[in-house]
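> protein34.cif is the file, holding mmCIF, C-alpha atoms:
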```cif
data_entry
#
loop_
_atom_site.label_atom_id
_atom_site.label_comp_id
_atom_site.auth_asym_id
_atom_site.auth_seq_id
_atom_site.Cartn_x
_atom_site.Cartn_y
_atom_site.Cartn_z
CA MET A 22 59.09 61.68 -13.63
CA GLY A 23 55.95 61.77 -15.74
CA ALA A 24 56.69 58.41 -17.42
CA GLY A 25 57.62 56.64 -14.17
CA PRO A 26 54.27 56.46 -12.46
CA HIS A 27 52.55 55.57 -15.72
CA LYS A 28 54.83 52.58 -16.30
CA SER A 29 54.37 51.42 -12.74
CA LEU A 30 50.56 51.45 -13.02
CA GLY A 31 50.81 49.39 -16.20
CA THR A 32 52.63 46.63 -14.36
CA ILE A 33 50.02 46.49 -11.64
CA GLY A 34 47.28 46.20 -14.22
CA LYS A 35 48.97 43.20 -15.84
CA ASN A 36 49.08 41.33 -12.53
CA ALA A 37 45.43 42.00 -11.93
CA THR A 38 44.54 40.60 -15.36
CA VAL A 39 46.26 37.30 -14.61
CA PHE A 40 44.34 36.91 -11.38
CA VAL A 41 40.97 37.55 -12.99
CA SER A 42 41.69 35.09 -15.75
CA VAL A 43 42.54 32.23 -13.39
CA SER A 44 39.47 32.89 -11.29
CA THR A 45 37.31 32.67 -14.37
CA LEU A 46 38.78 29.28 -15.22
CA ALA A 47 38.13 28.09 -11.71
CA LEU A 48 34.49 29.08 -11.88
CA THR A 49 34.15 27.53 -15.31
CA GLY A 50 35.52 24.26 -14.01
CA LEU A 51 33.21 24.39 -11.01
CA GLY A 52 30.20 24.83 -13.27
CA ARG A 53 31.18 21.84 -15.39
CA VAL A 54 31.25 19.54 -12.32
CA ALA A 55 27.80 20.67 -11.20
CA GLN A 56 26.28 19.89 -14.59
CA ALA A 57 27.62 16.33 -14.61
CA VAL A 58 25.55 14.88 -11.74
CA PRO A 59 22.92 12.27 -12.52
CA THR A 60 19.27 13.02 -11.87
CA ILE A 61 16.34 10.79 -10.93
CA SER A 62 12.68 11.25 -11.70
CA CYS A 63 9.52 9.25 -11.03
CA LEU A 64 6.55 10.30 -13.12
CA PRO A 65 3.06 10.17 -11.56
CA GLY A 66 1.89 7.83 -14.32
CA ASN A 67 4.52 5.29 -13.27
CA ALA A 68 3.45 4.97 -9.65
CA ILE A 69 3.37 1.65 -7.84
CA VAL A 70 -0.07 0.12 -8.21
CA LEU A 71 -0.90 -1.74 -5.02
CA GLY A 72 -4.06 -3.21 -6.51
CA GLN A 73 -7.47 -3.82 -5.03
CA HIS A 74 -7.88 -6.40 -2.29
CA TYR A 75 -9.85 -7.77 0.55
CA ALA A 76 -7.75 -8.83 3.53
CA CYS A 77 -9.15 -11.84 5.33
CA SER A 78 -6.22 -12.08 7.79
CA ASN A 79 -3.09 -10.25 8.76
CA GLY A 80 -0.46 -10.63 6.07
CA SER A 81 1.68 -9.07 3.41
CA LEU A 82 1.86 -8.70 -0.34
CA GLN A 83 5.34 -8.44 -1.81
CA ILE A 84 5.30 -6.65 -5.14
CA ASN A 85 8.58 -7.42 -6.84
CA PRO A 86 10.16 -5.07 -9.38
CA ASP A 87 9.80 -7.72 -12.09
CA GLY A 88 6.03 -7.80 -11.54
CA SER A 89 5.86 -11.08 -9.64
CA VAL A 90 4.15 -11.15 -6.25
CA ASN A 91 4.42 -13.16 -3.05
CA THR A 92 1.48 -13.26 -0.68
CA ALA A 93 1.52 -14.19 2.98
CA GLY A 94 -1.80 -14.54 4.76
CA CYS A 95 -5.32 -14.46 3.39
CA LEU A 96 -5.76 -11.87 0.68
CA VAL A 97 -8.43 -11.81 -1.98
CA THR A 98 -7.11 -9.82 -4.93
CA LEU A 99 -9.59 -8.14 -7.25
CA ASP A 100 -7.15 -6.00 -9.23
CA PRO A 101 -3.51 -7.09 -9.41
CA PRO A 102 -0.62 -4.90 -8.28
CA GLU A 103 2.12 -3.55 -10.55
CA PRO A 104 5.58 -2.20 -9.78
CA GLY A 105 6.39 1.42 -10.49
CA THR A 106 9.29 2.90 -12.41
CA CYS A 107 11.76 5.70 -11.95
CA THR A 108 14.34 6.95 -14.41
CA ILE A 109 17.95 7.95 -13.83
CA ARG A 110 19.57 10.23 -16.35
CA ASN A 111 23.33 10.39 -16.28
CA THR A 112 25.02 12.72 -18.69
CA GLY A 113 28.69 13.45 -18.60
CA ALA A 114 29.75 12.18 -15.18
CA PRO A 115 33.30 10.78 -15.12
CA ALA A 116 33.39 7.05 -15.75
CA THR A 117 35.45 6.35 -12.63
CA GLN A 118 32.86 7.75 -10.25
CA SER A 119 30.20 5.67 -8.51
CA ILE A 120 26.49 6.27 -8.47
CA ILE A 121 24.51 4.94 -5.50
CA VAL A 122 20.74 4.65 -5.66
CA SER A 123 18.90 3.98 -2.42
CA PHE A 124 15.72 4.48 -0.42
CA PRO A 125 16.34 6.92 2.46
CA ALA A 126 13.39 5.54 4.44
CA ASN A 127 12.71 1.91 5.31
CA SER A 128 8.95 2.06 5.52
CA GLU A 129 5.88 4.15 4.84
CA ASN A 130 2.80 4.14 7.02
CA LEU A 131 -0.44 4.02 5.04
CA GLY A 132 -2.76 4.21 8.04
CA PHE A 133 -5.31 1.87 9.62
CA GLY A 134 -2.70 -0.83 10.10
CA ALA A 135 -1.42 -0.86 6.52
CA SER A 136 2.15 -0.01 5.64
CA LEU A 137 4.80 -0.35 2.98
CA ASP A 138 8.32 -1.62 3.52
CA ASP A 139 11.00 -3.77 1.92
CA PHE A 140 11.50 -1.29 -0.91
CA ARG A 141 13.34 -2.78 -3.86
CA MET A 142 14.62 -1.68 -7.24
CA GLN A 143 15.76 -3.59 -10.29
CA ALA A 144 16.60 -2.54 -13.80
CA VAL A 145 15.65 -4.73 -16.73
CA GLY A 146 18.38 -7.30 -17.23
CA GLU A 147 19.61 -7.25 -13.66
CA PRO A 148 19.44 -10.62 -11.94
CA MET A 149 18.25 -9.56 -8.50
CA PRO A 150 16.35 -6.68 -6.91
CA ALA A 151 17.94 -4.80 -4.06
CA ALA A 152 17.28 -1.92 -1.71
CA THR A 153 20.52 -0.22 -2.75
CA LYS A 154 22.24 -0.27 -6.11
CA THR A 155 25.74 0.92 -6.86
CA TYR A 156 26.72 1.62 -10.42
CA THR A 157 29.73 3.13 -12.08
CA SER A 158 29.09 6.12 -14.19
CA GLY A 159 29.99 4.00 -17.19
CA GLN A 160 27.29 1.48 -16.33
CA LEU A 161 24.74 4.22 -16.16
CA ASN A 162 25.70 6.06 -19.27
CA GLY A 163 22.62 7.82 -20.53
CA THR A 164 19.25 6.76 -19.19
CA ILE A 165 18.25 3.73 -17.16
CA THR A 166 14.81 2.73 -15.94
CA LEU A 167 14.47 1.17 -12.50
CA ASN A 168 11.43 -0.88 -11.65
CA ILE A 169 10.36 -0.23 -8.07
CA GLY A 170 8.67 -2.72 -5.78
CA ALA A 171 7.58 -2.80 -2.17
CA THR A 172 5.79 -4.99 0.34
CA LEU A 173 2.28 -4.04 1.36
CA ASN A 174 1.48 -5.08 4.92
CA PHE A 175 -2.17 -5.35 5.94
CA VAL A 176 -4.33 -6.41 8.83
CA ASN A 177 -7.31 -8.68 9.01
CA ALA A 178 -10.40 -7.03 7.49
CA GLN A 179 -8.35 -4.01 6.44
CA PRO A 180 -10.84 -1.13 6.41
CA ALA A 181 -12.21 -0.37 2.98
CA GLY A 182 -10.87 2.67 1.19
CA SER A 183 -8.01 4.07 -0.84
CA TYR A 184 -4.50 3.85 0.56
CA SER A 185 -1.61 5.97 -0.68
CA GLY A 186 1.97 6.58 0.31
CA ASP A 187 5.19 8.06 -1.01
CA ILE A 188 8.55 6.37 -1.36
CA VAL A 189 11.63 8.55 -1.78
CA LEU A 190 14.54 7.45 -3.91
CA ARG A 191 17.92 9.12 -3.73
CA VAL A 192 20.76 8.98 -6.20
CA VAL A 193 24.20 10.02 -4.98
CA PHE A 194 27.17 10.64 -7.23
CA ASN A 195 30.54 10.41 -5.50
CA MET B 2 62.53 54.12 -7.77
CA SER B 3 63.28 51.79 -4.93
CA ILE B 4 59.98 52.57 -3.41
CA ARG B 5 58.18 51.67 -6.67
CA LYS B 6 60.08 48.40 -6.96
CA SER B 7 59.03 47.44 -3.50
CA ASP B 8 55.40 48.17 -4.36
CA LEU B 9 55.60 45.99 -7.45
CA LYS B 10 56.87 42.98 -5.51
CA THR B 11 54.13 43.35 -3.00
CA LYS B 12 51.45 43.42 -5.64
CA VAL B 13 52.91 40.49 -7.55
CA ALA B 14 53.10 38.49 -4.35
CA ALA B 15 49.51 39.32 -3.57
CA GLY B 16 48.47 38.22 -7.03
CA ALA B 17 50.27 34.91 -6.65
CA VAL B 18 48.45 34.17 -3.45
CA LEU B 19 45.14 34.87 -5.10
CA VAL B 20 45.98 32.60 -8.00
CA ALA B 21 46.92 29.81 -5.68
CA LEU B 22 43.63 30.13 -3.81
CA SER B 23 41.71 30.11 -7.02
CA GLY B 24 43.40 26.91 -8.01
CA PHE B 25 42.15 25.19 -4.87
CA VAL B 26 38.57 26.34 -5.14
CA PRO B 27 37.18 23.56 -7.37
CA GLN B 28 38.89 20.68 -5.55
CA PRO B 29 36.60 20.40 -2.51
CA PHE B 30 33.56 20.55 -4.79
CA MET B 31 34.86 17.74 -6.98
CA GLN B 32 35.23 15.52 -3.91
CA GLN B 33 31.75 16.23 -2.60
CA ALA B 34 28.83 13.86 -3.21
CA HIS B 35 26.03 15.21 -5.32
CA ALA B 36 22.56 13.92 -4.72
CA ASP B 37 19.16 14.04 -6.30
CA THR B 38 15.91 12.66 -4.95
CA ALA B 39 12.58 11.72 -6.42
CA THR B 40 9.34 10.45 -4.96
CA ILE B 41 7.28 7.61 -6.31
CA ASN B 42 3.69 7.22 -5.19
CA ALA B 43 2.08 3.92 -4.27
CA VAL B 44 -1.70 3.68 -4.27
CA GLY B 45 -4.18 0.88 -3.82
CA THR B 46 -7.60 0.02 -2.50
CA PHE B 47 -9.01 -2.32 0.09
CA VAL B 48 -12.63 -3.33 -0.15
CA ASP B 49 -15.12 -4.97 2.10
CA GLY B 50 -14.89 -8.58 1.04
CA ILE B 51 -18.27 -9.61 2.38
CA THR B 52 -21.41 -7.70 3.16
CA LEU B 53 -24.42 -9.28 4.78
CA ALA B 54 -27.74 -7.63 5.41
CA GLY B 55 -31.00 -8.80 6.88
CA VAL B 56 -33.75 -8.26 4.31
CA THR B 57 -36.84 -10.11 5.53
CA ASP B 58 -37.82 -11.28 9.00
CA LEU B 59 -38.60 -14.92 9.60
CA ASP B 60 -42.26 -15.05 10.63
CA PHE B 61 -43.85 -18.08 12.28
CA GLY B 62 -47.31 -16.58 12.13
CA SER B 63 -49.89 -17.09 14.87
CA ILE B 64 -49.67 -20.50 16.46
CA VAL B 65 -52.52 -22.19 18.24
CA ALA B 66 -51.06 -25.02 20.28
CA ALA B 67 -53.09 -28.21 20.31
CA ALA B 68 -50.94 -29.94 22.92
CA SER B 69 -48.62 -29.02 25.75
CA THR B 70 -45.63 -29.56 23.51
CA GLY B 71 -45.20 -29.17 19.82
CA ASP B 72 -43.26 -27.34 17.14
CA VAL B 73 -43.65 -25.40 13.98
CA GLN B 74 -41.13 -25.42 11.19
CA VAL B 75 -41.01 -22.71 8.55
CA GLN B 76 -38.90 -23.95 5.68
CA PRO B 77 -36.69 -21.66 3.59
CA ASP B 78 -39.18 -21.87 0.74
CA GLY B 79 -41.96 -20.63 3.05
CA ASN B 80 -43.76 -23.92 3.53
CA THR B 81 -44.63 -24.97 7.07
CA VAL B 82 -44.53 -28.25 8.94
CA VAL B 83 -46.67 -28.22 12.06
CA ASN B 84 -46.77 -30.65 14.96
CA SER B 85 -49.53 -30.41 17.57
CA ALA B 86 -50.66 -26.97 16.52
CA ALA B 87 -52.53 -24.90 14.01
CA VAL B 88 -50.90 -21.96 12.33
CA ALA B 89 -52.77 -18.87 11.32
CA GLY B 90 -51.59 -15.67 9.78
CA THR B 91 -48.93 -15.65 7.11
CA PRO B 92 -45.81 -17.59 8.08
CA ALA B 93 -42.90 -16.58 5.89
CA ALA B 94 -39.25 -17.41 5.48
CA GLY B 95 -36.69 -14.78 6.25
CA GLN B 96 -33.89 -13.66 3.99
CA PHE B 97 -30.30 -12.41 4.20
CA GLN B 98 -28.58 -10.72 1.28
CA LEU B 99 -24.95 -11.79 0.92
CA THR B 100 -22.41 -10.13 -1.36
CA VAL B 101 -18.83 -11.26 -1.72
CA ALA B 102 -15.92 -9.62 -3.45
CA VAL B 103 -14.85 -12.83 -5.12
CA THR B 104 -16.36 -16.28 -5.51
CA GLY B 105 -13.20 -18.33 -5.35
CA PRO B 106 -12.61 -18.88 -1.65
CA ASP B 107 -15.02 -20.75 0.60
CA VAL B 108 -16.87 -18.80 3.24
CA ILE B 109 -17.40 -19.72 6.87
CA ILE B 110 -20.96 -19.36 8.11
CA SER B 111 -21.91 -19.35 11.74
CA LEU B 112 -24.72 -18.11 13.91
CA THR B 113 -23.89 -15.41 16.41
CA ASP B 114 -27.34 -15.40 17.93
CA GLY B 115 -30.68 -17.17 17.57
CA ILE B 116 -30.58 -20.77 18.76
CA GLY B 117 -32.10 -21.26 22.20
CA ASN B 118 -34.74 -19.62 24.28
CA VAL B 119 -36.96 -17.11 22.60
CA ALA B 120 -37.65 -13.89 24.41
CA GLY B 121 -41.24 -13.57 25.54
CA PRO B 122 -43.56 -13.29 28.55
CA ILE B 123 -42.22 -16.46 30.18
CA PRO B 124 -38.69 -17.18 29.01
CA GLY B 125 -37.77 -20.79 28.56
CA THR B 126 -41.12 -21.99 27.34
CA ILE B 127 -40.41 -21.49 23.66
CA THR B 128 -37.14 -22.23 21.93
CA LEU B 129 -35.73 -21.74 18.47
CA SER B 130 -34.17 -25.14 17.87
CA GLU B 131 -32.73 -24.84 14.40
CA ILE B 132 -32.03 -22.43 11.56
CA VAL B 133 -32.00 -23.55 7.96
CA LEU B 134 -30.27 -21.50 5.26
CA ASP B 135 -30.85 -22.15 1.62
CA ALA B 136 -29.68 -20.35 -1.51
CA ASN B 137 -28.77 -21.18 -5.06
CA GLY B 138 -25.01 -21.31 -5.31
CA LEU B 139 -24.45 -21.51 -1.57
CA ASN B 140 -23.15 -24.87 -0.37
CA GLY B 141 -23.81 -26.26 -3.82
CA GLY B 142 -27.48 -25.43 -3.44
CA ALA B 143 -27.92 -27.77 -0.47
CA PRO B 144 -29.67 -26.40 2.65
CA ILE B 145 -27.49 -25.64 5.65
CA THR B 146 -28.99 -26.66 8.97
CA ILE B 147 -27.57 -24.98 12.04
CA THR B 148 -28.49 -26.15 15.54
CA ALA B 149 -25.90 -24.38 17.66
CA THR B 150 -24.71 -20.82 17.97
CA GLY B 151 -21.08 -20.37 17.02
CA ALA B 152 -20.64 -23.65 15.19
CA PRO B 153 -18.88 -22.82 11.90
CA THR B 154 -19.84 -24.33 8.58
CA THR B 155 -17.51 -23.91 5.62
CA VAL B 156 -19.26 -23.72 2.28
CA GLY B 157 -18.64 -22.53 -1.25
CA VAL B 158 -20.36 -19.51 -2.70
CA ALA B 159 -20.96 -19.38 -6.44
CA ALA B 160 -22.23 -15.86 -7.00
CA LEU B 161 -21.13 -12.39 -6.01
CA ALA B 162 -24.66 -11.64 -4.77
CA THR B 163 -26.72 -14.31 -3.07
CA ALA B 164 -30.17 -14.15 -1.48
CA ILE B 165 -30.15 -16.60 1.44
CA ASP B 166 -33.58 -17.80 2.47
CA VAL B 167 -33.94 -18.49 6.16
CA GLY B 168 -36.14 -21.06 7.78
CA GLY B 169 -36.34 -22.32 11.32
CA THR B 170 -38.13 -24.39 13.89
CA ILE B 171 -39.64 -23.25 17.15
CA ALA B 172 -40.84 -25.62 19.84
CA TRP B 173 -42.79 -25.05 22.98
CA THR B 174 -43.24 -26.73 26.26
CA ALA B 175 -45.98 -26.78 28.86
CA GLY B 176 -46.73 -23.49 30.47
CA ARG B 177 -46.17 -21.37 27.40
CA PRO B 178 -48.08 -18.13 27.76
CA ILE B 179 -50.11 -16.30 25.20
CA GLY B 180 -48.31 -13.40 23.66
CA ALA B 181 -45.70 -12.28 21.19
CA PHE B 182 -42.29 -13.89 21.08
CA THR B 183 -39.34 -12.44 19.23
CA GLN B 184 -35.79 -13.54 18.71
CA THR B 185 -32.86 -12.02 16.86
CA ILE B 186 -31.00 -14.27 14.45
CA GLY B 187 -27.41 -13.19 13.97
CA LEU B 188 -25.43 -14.61 11.08
CA SER B 189 -21.72 -14.25 10.42
CA VAL B 190 -20.06 -14.91 7.07
CA THR B 191 -16.30 -14.63 6.65
CA PHE B 192 -13.70 -15.87 4.23
#
```
The structure given in the file should be rewritten as structure tokens.


Amino acid sequence: MGAGPHKSLGTIGKNATVFVSVSTLALTGLGRVAQAVPTISCLPGNAIVLGQHYACSNGSLQINPDGSVNTAGCLVTLDPPEPGTCTIRNTGAPATQSIIVSFPANSENLGFGASLDDFRMQAVGEPMPAATKTYTSGQLNGTITLNIGATLNFVNAQPAGSYSGDIVLRVVFN
Amino acid sequence: MSIRKSDLKTKVAAGAVLVALSGFVPQPFMQQAHADTATINAVGTFVDGITLAGVTDLDFGSIVAAASTGDVQVQPDGNTVVNSAAVAGTPAAGQFQLTVAVTGPDVIISLTDGIGNVAGPIPGTITLSEIVLDANGLNGGAPITITATGAPTTVGVAALATAIDVGGTIAWTAGRPIGAFTQTIGLSVTF
């Protein structure tokens, strides 16, 4: 009788060990997936430079990611604009997954009639800018720099002063 | 013994269920989208492209009319041309100070006020008939004569800061009273 209960308890303990072991594997696997997502960062020193201007009519200034500009209306430019840059770092995501980079908002109000819209991104070597980019994980293996452009809309005799706005970029890994 | 065997099956079954659940745990997470966001700042400056300020008043001095009609012209350089009158005092040209943000585009000059009757004791007896603007680098250095309010003149401007000398002509008719006459000259400059 003394050996019976002891043997029975030993069996129960073995089952419990199996369960704990599997759970640990599950958590380990979960942690590995979370570490594989790509990240995006935009450093303050790489902001979009809108430039310095005098607006002599209503119009717009399109700042393309490749640095070229298109102006509509009367705008006297004293300091030229420059696109900004953001960086995506992708380490270890499965090659079959897609990575979508986009701008959650369509425009940004700068005040006093000025605004930003038509947000665009383009990596060096890409033929065209776009508001949304879809990459495979394999295409974005490591680090990629996206040049960021936008269109500055202004009104006639835009009041003098500094104008600033934020543009949010989102990277989604499916 | 049979009771113990039954207990063992129950515990093994319970363990199997737990294992199966554990196996499903990571799957929903692997199907979920993971996202990260970042914010990029955009900053720029707008400036006043043109500033214009009145610096010196245009002064016709003290005019002694020698006939019922006549006129006095003060040129932008300060010289005077007098018809049927004598001028005392110190006639002097006026001056605007113009600054532009850039010298490339032409500017459009027009009077917003000034041409016409001069305010005084008996309105309508004295008129300001023309305004003459003159400055190095403005309109190629050639004087700009304006005879109507609102009429635009497009000219080039060669310097970021330009002193515009202002001359003008006043004329009088019969019945002009003795007294002081004043008139505001408004100038508009735009790209």

> Could you please select, counting all atoms listed in the file, the residues of chain A within 6 Å of chain B and state them as a ChimeraX atom specification?

/A:40,44,51,60-63,68-75,181-195

> For the atom pair atom CA of B:Gly180 and atom CA of B:Thr150, what is the interatomic distance in Å to one decimal place?

25.4 Å

> Can you tell me how far atom CA of A:Gly94 sits from atom CA of A:Ser81, in Å to one decimal?

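Result for atom CA of A:Gly94 versus atom CA of A:Ser81: 6.6 Å, one decimal.
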
> Write out as an mmCIF file with C-alpha atoms, in the coordinates of the input each polymer residue whose atoms come within 6 Å of B:Gly62, counting only C-alpha atoms; drop sequence neighbours fewer than 2 positions from it.


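Resulting contents of out.cif:
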```cif
data_model
loop_
_atom_site.group_PDB
_atom_site.id
_atom_site.type_symbol
_atom_site.label_atom_id
_atom_site.label_comp_id
_atom_site.auth_asym_id
_atom_site.auth_seq_id
_atom_site.Cartn_x
_atom_site.Cartn_y
_atom_site.Cartn_z
ATOM 1 C CA ASP B 60 -42.260 -15.050 10.630
ATOM 2 C CA ALA B 89 -52.770 -18.870 11.320
ATOM 3 C CA GLY B 90 -51.590 -15.670 9.780
ATOM 4 C CA THR B 91 -48.930 -15.650 7.110
ATOM 5 C CA PRO B 92 -45.810 -17.590 8.080
#
```

> Let me know the residues the PyMOL selection byres ((chain B and resi 185) around 6) catches in the file above, as a list in words.

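What the PyMOL selection byres ((chain B and resi 185) around 6) grabs from the file is Gly115, Gln184 and Ile186 of chain B.
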
> Measuring between only C-alpha atoms, which one of B:Ala172, B:Val65, B:Ile179, B:Ala54 shows the shortest distance to B:Ile127?

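Of B:Ala172, B:Val65, B:Ile179, B:Ala54, the one nearest B:Ile127, counting only C-alpha atoms, is B:Ala172.
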
> Got a sec: who's within 9 Å of B:Ile109, counting only C-alpha atoms, leaving out chain neighbours fewer than 2 positions off, as an mmCIF file with C-alpha atoms, in the frame of the given file?


```
data_model
loop_
_atom_site.group_PDB
_atom_site.id
_atom_site.type_symbol
_atom_site.label_atom_id
_atom_site.label_comp_id
_atom_site.auth_asym_id
_atom_site.auth_seq_id
_atom_site.Cartn_x
_atom_site.Cartn_y
_atom_site.Cartn_z
ATOM 1 C CA ASP B 107 -15.020 -20.750 0.600
ATOM 2 C CA SER B 111 -21.910 -19.350 11.740
ATOM 3 C CA PRO B 153 -18.880 -22.820 11.900
ATOM 4 C CA THR B 154 -19.840 -24.330 8.580
ATOM 5 C CA THR B 155 -17.510 -23.910 5.620
ATOM 6 C CA VAL B 156 -19.260 -23.720 2.280
ATOM 7 C CA GLY B 157 -18.640 -22.530 -1.250
ATOM 8 C CA SER B 189 -21.720 -14.250 10.420
ATOM 9 C CA VAL B 190 -20.060 -14.910 7.070
ATOM 10 C CA THR B 191 -16.300 -14.630 6.650
ATOM 11 C CA PHE B 192 -13.700 -15.870 4.230
#
```

> Anything within 9 Å of (-27.0, -28.0, 6.7): list those residues as a list of chain:residue names, counting all atoms listed in the file and sticking to the file's coordinates.

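Taken together, the residues in range are B:Ile132, B:Val133, B:Leu134, B:Asp135, B:Asn140, B:Ala143, B:Pro144, B:Ile145, B:Thr146, B:Ile147, B:Thr154.
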
> Would you put the residues from that selection into a file with C-alpha atoms, as a PDB file, in the coordinates of the input?


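The resulting file, out-v5.pdb, is reproduced below:
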```pdb
ATOM      1  CA  ILE B 132     -32.030 -22.430  11.560  1.00  0.00           C
ATOM      2  CA  VAL B 133     -32.000 -23.550   7.960  1.00  0.00           C
ATOM      3  CA  LEU B 134     -30.270 -21.500   5.260  1.00  0.00           C
ATOM      4  CA  ASP B 135     -30.850 -22.150   1.620  1.00  0.00           C
ATOM      5  CA  ASN B 140     -23.150 -24.870  -0.370  1.00  0.00           C
ATOM      6  CA  ALA B 143     -27.920 -27.770  -0.470  1.00  0.00           C
ATOM      7  CA  PRO B 144     -29.670 -26.400   2.650  1.00  0.00           C
ATOM      8  CA  ILE B 145     -27.490 -25.640   5.650  1.00  0.00           C
ATOM      9  CA  THR B 146     -28.990 -26.660   8.970  1.00  0.00           C
ATOM     10  CA  ILE B 147     -27.570 -24.980  12.040  1.00  0.00           C
ATOM     11  CA  THR B 154     -19.840 -24.330   8.580  1.00  0.00           C
TER      12      THR B 154
END
```
